[in-house]
Amino acid sequence: MFKGLQCVFTGLGHRVIEGVWRIGAGARLFSYIGFYLFESFKRPRLIVREIFATGVLSLLIILVSAFFVGMVLGLQGYNTLQKYGSSEAIGVLVALSLVRELGPVVTALLFAGRAGTAITAEIGLMKATEQLSAMEMMAVSPVARVIAPRFWAGVISMPILAALFSMVGVLGGYFVAVPIIGVDSGAFWSQMQASVDFRDDIVNGVIKSVVFGVVCTMIALFEGYDAPPTAEGVSRATTRTVVNSSLAVLGLDFILTAFMIGA
Amino acid sequence: MQKIMSDNIVEIDNLSFGYKGRLLHKGINMVFPRGKVVAIMGGSGSGKTTLLRLIGGQLKPNVGEVRVDGDVVHKQSIDGLYNLRHKMGMLFQFGALFTDLSVYENVAFPIREHTDLPESMVRDFVMLKLNAVGLRGAHNLMPTELSGGMARRVALARAVALDPQIIMYDEPFAGLDPISMGVVCNLIRSLNDALGATSIVVTHDVHETFSFVDYVYFVSDGVVVAEGTPDQLRNSDKPFVHQFVHGEADGPVPFHYPAADYKREMLRGHDV
């Protein structure tokens, strides 16, 4: 009995210490990235290359998903709104759902699955094959050369991807609502234009996507940098990237929404 | 204060290092004279590669110190350490080439990072280094298109791209065929002499290493168990050196990993 309890507390203590250590290590990596902020922007070619790898190559999955999400919103929205005789408000429902919530959140979840895992696996493998050590021995900081450009690429890409997601999602909703169901095109666009507020809806959506960009990219980078240099270590790190990013995005979305509605 | 130039470019003084409760080095002393090729030999897991990492400042000793060109490595700031590393080049066990860069770009990497030379000059330097390792014609290839021996030679060209004073080699012969092994041996010696550098070779290949190095340290169980020129060690009657040089399966380094009594364990049945 006593031995069992001791095991439970030992395990718990071990996990807490490891958790605190990882938070500290992550914060230290984040501060290093800040330290190399200006150095990264001195070499924009590296950032542009990473924007291509993380942002441009994620476009297909983001845009296709956005179109389907928009179409589903159109169908579900019409089904509910017609019961109250306000099916013309379908444009407002689609736009607000996408710009405020689904655009930033679904983009971040897809980004974590597509680009975040790629970042973690790439950096983990660079570590396992001693490429990061080789860089250090050449007196080149891996944080400045490998980590920081990827961080800025993620932070820049995410709001652009979220904006494109919302735009294509609205087109998906339009495609279902207007040509297929037969909602009036003018009502669809005019009600949307009248109801979507630039500051309360669009700016808040952009703020969310920037925060998610920082969090998702940071988690992906840290997991890769911290991964044990083995096949199993890299695989576990990649899984942790998706799980931790998804939980962080959903949790932060609630907190940000609460602040934005309260503001 | 002016630094007095010692005959030894690297000095390891009473160094102890360990982690996770295991002491890997227990008071090691070594010197690496300028212009010489020195080998550190020992069995797998004896901490040879760790010694290179301690010299390069990637690890900090628990006790003692490593001095490179008179500077204590672990007392340097980040900038100081990076300045010290400008004097070093390192060949990693499997090359550690950047897989997203071509052979040319790999060798150009340290030159571009540390100099503002025009592209035409960078090209001349890269081709010069690639020619020295016999791979000028492979400059357009990607690392995945190279054999193990070729990758090692490209990594060597990259390690000497900025003409370092110290070149460290981590298991440079691991997994190479006899021809590639001979090529790498000759390259280590000829590059060392041409650059006037000091080479530290970590390896356990006795035959190849003894053919070109000036001095050898044998490391076992965390201490230097023997040292001398290849000829002195070939004729050594120390049991460890004899076992290692002649490749005997059993001796001071036992064949069996420490375990309980075999007979008693077998009689106990499946309760292991």
# chains A, B, ... in the order shown; residues from 1 in each chain; ligands from 1

$ residues_around --residues "A:Arg43" --least-positions-apart "4" --cutoff "12 Å" --atoms "only C-alpha atoms" --output "list in words"
Tyr36, Leu37, Phe38, Glu39, Ile47, Val48, Arg49, Glu50, Ala144, Arg145, Val146, Ala148, Pro149 and Trp152 of chain A; Glu113 of chain B

$ select_by_dssp --residues "stretch 2-242 of chain B" --states "helix (DSSP H, G or I)" --output "MDAnalysis selection string"
chainID B and resid 48:56 73:75 78:85 103:114 119:132 136:138 143:145 148:159 178:195 206:210 230:234 239:242

$ write_last_selection --atoms "C-alpha atoms" --output "compact mmCIF listing (two decimals), in the first residue's frame"
# COMPACT_ATOMS: atom_id res chain seq x y z
CA LYS B 48 36.13 9.28 -27.17
CA THR B 49 33.51 11.31 -29.02
CA THR B 50 32.59 13.03 -25.74
CA LEU B 51 36.21 14.20 -25.49
CA LEU B 52 35.84 15.91 -28.89
CA ARG B 53 32.64 17.58 -27.70
CA LEU B 54 34.44 18.79 -24.59
CA ILE B 55 37.25 20.23 -26.73
CA GLY B 56 34.65 21.91 -28.98
CA VAL B 73 36.97 26.43 -23.31
CA HIS B 74 34.21 26.12 -20.70
CA LYS B 75 34.86 29.60 -19.27
CA ILE B 78 28.93 32.43 -26.32
CA ASP B 79 30.85 34.94 -28.46
CA GLY B 80 34.18 33.77 -27.06
CA LEU B 81 33.27 30.16 -27.74
CA TYR B 82 32.25 30.96 -31.32
CA ASN B 83 35.54 32.84 -31.81
CA LEU B 84 37.39 29.79 -30.51
CA ARG B 85 35.45 27.54 -32.88
CA VAL B 103 27.78 19.49 -52.18
CA TYR B 104 28.89 22.93 -53.39
CA GLU B 105 26.53 24.75 -51.02
CA ASN B 106 27.63 22.59 -48.09
CA VAL B 107 31.28 23.52 -48.56
CA ALA B 108 30.37 27.16 -49.23
CA PHE B 109 28.27 27.33 -46.04
CA PRO B 110 30.99 28.27 -43.50
CA ILE B 111 32.66 30.62 -46.00
CA ARG B 112 29.41 32.50 -46.60
CA GLU B 113 28.57 32.59 -42.90
CA HIS B 114 31.91 34.01 -41.77
CA GLU B 119 30.59 34.91 -55.06
CA SER B 120 33.40 34.40 -57.60
CA MET B 121 35.91 34.06 -54.77
CA VAL B 122 33.63 31.76 -52.76
CA ARG B 123 33.44 29.55 -55.85
CA ASP B 124 37.24 29.46 -56.16
CA PHE B 125 37.61 28.50 -52.50
CA VAL B 126 34.93 25.80 -52.70
CA MET B 127 36.40 24.27 -55.86
CA LEU B 128 39.87 24.34 -54.31
CA LYS B 129 38.68 22.43 -51.26
CA LEU B 130 36.61 19.98 -53.30
CA ASN B 131 39.57 19.39 -55.59
CA ALA B 132 41.74 18.61 -52.55
CA ARG B 136 35.36 18.79 -57.67
CA GLY B 137 33.31 16.93 -60.29
CA ALA B 138 30.61 16.11 -57.73
CA PRO B 143 24.15 14.54 -50.19
CA THR B 144 21.64 11.72 -50.83
CA GLU B 145 23.44 10.95 -54.12
CA GLY B 148 29.44 7.03 -47.43
CA GLY B 149 33.06 7.65 -48.39
CA MET B 150 32.17 10.56 -50.68
CA ALA B 151 29.98 12.13 -48.00
CA ARG B 152 32.87 11.88 -45.54
CA ARG B 153 35.20 13.60 -48.03
CA VAL B 154 32.71 16.41 -48.70
CA ALA B 155 32.34 16.88 -44.94
CA LEU B 156 36.13 17.02 -44.71
CA ALA B 157 36.25 19.71 -47.41
CA ARG B 158 33.63 21.65 -45.43
CA ALA B 159 35.54 21.17 -42.15
CA PRO B 178 39.22 -0.43 -47.81
CA ILE B 179 39.77 1.90 -50.78
CA SER B 180 37.80 4.79 -49.24
CA MET B 181 39.55 4.12 -45.93
CA GLY B 182 42.97 4.49 -47.56
CA VAL B 183 41.84 7.67 -49.31
CA VAL B 184 40.59 9.20 -46.04
CA CYS B 185 43.85 8.23 -44.23
CA ASN B 186 45.94 9.97 -46.88
CA LEU B 187 43.65 13.01 -46.86
CA ILE B 188 43.88 13.45 -43.08
CA ARG B 189 47.67 13.38 -43.18
CA SER B 190 48.11 15.48 -46.33
CA LEU B 191 45.55 18.14 -45.31
CA ASN B 192 47.10 18.38 -41.85
CA ASP B 193 50.57 18.91 -43.27
CA ALA B 194 49.42 21.25 -46.05
CA LEU B 195 47.44 23.48 -43.66
CA VAL B 206 44.12 0.24 -35.17
CA HIS B 207 45.73 -0.81 -38.44
CA GLU B 208 44.78 2.28 -40.49
CA THR B 209 45.38 4.74 -37.68
CA PHE B 210 48.85 3.47 -36.78
CA PRO B 230 52.45 3.78 -32.95
CA ASP B 231 55.73 1.82 -32.81
CA GLN B 232 55.91 2.03 -29.01
CA LEU B 233 52.32 0.81 -28.70
CA ARG B 234 52.75 -2.00 -31.21
CA PRO B 239 47.56 -6.26 -21.41
CA PHE B 240 44.95 -3.70 -22.55
CA VAL B 241 47.10 -2.38 -25.40
CA HIS B 242 48.00 -5.92 -26.46

$ interface_residues --of "chain A" --to "chain B" --cutoff "12 Å" --atoms "only C-alpha atoms" --output "list in words"
Arg43, Arg49, Glu122, Ile123, Leu125, Met126, Lys127, Ala128, Thr129, Glu130, Gln131, Leu132, Ser133, Ala134, Met135, Glu136, Met137, Met138, Ala139, Val140, Ser141, Ala144, Arg145 and Val146 of chain A

$ select_by_dssp --residues "stretch 3-79 of chain B" --states "strand (DSSP E)" --output "ChimeraX atom specification"
/B:8-19,22-33,37-41,63-68,71-72

$ closest_residue --among "B:Val201, B:Ala226, B:Ala260, B:Val31" --to "B:Ile167" --atoms "only C-alpha atoms"
B:Val201

$ closest_residue --among "A:Ser86, A:Ser58, A:Ser246, A:Ser190" --to "A:Leu161" --atoms "only C-alpha atoms"
A:Ser58
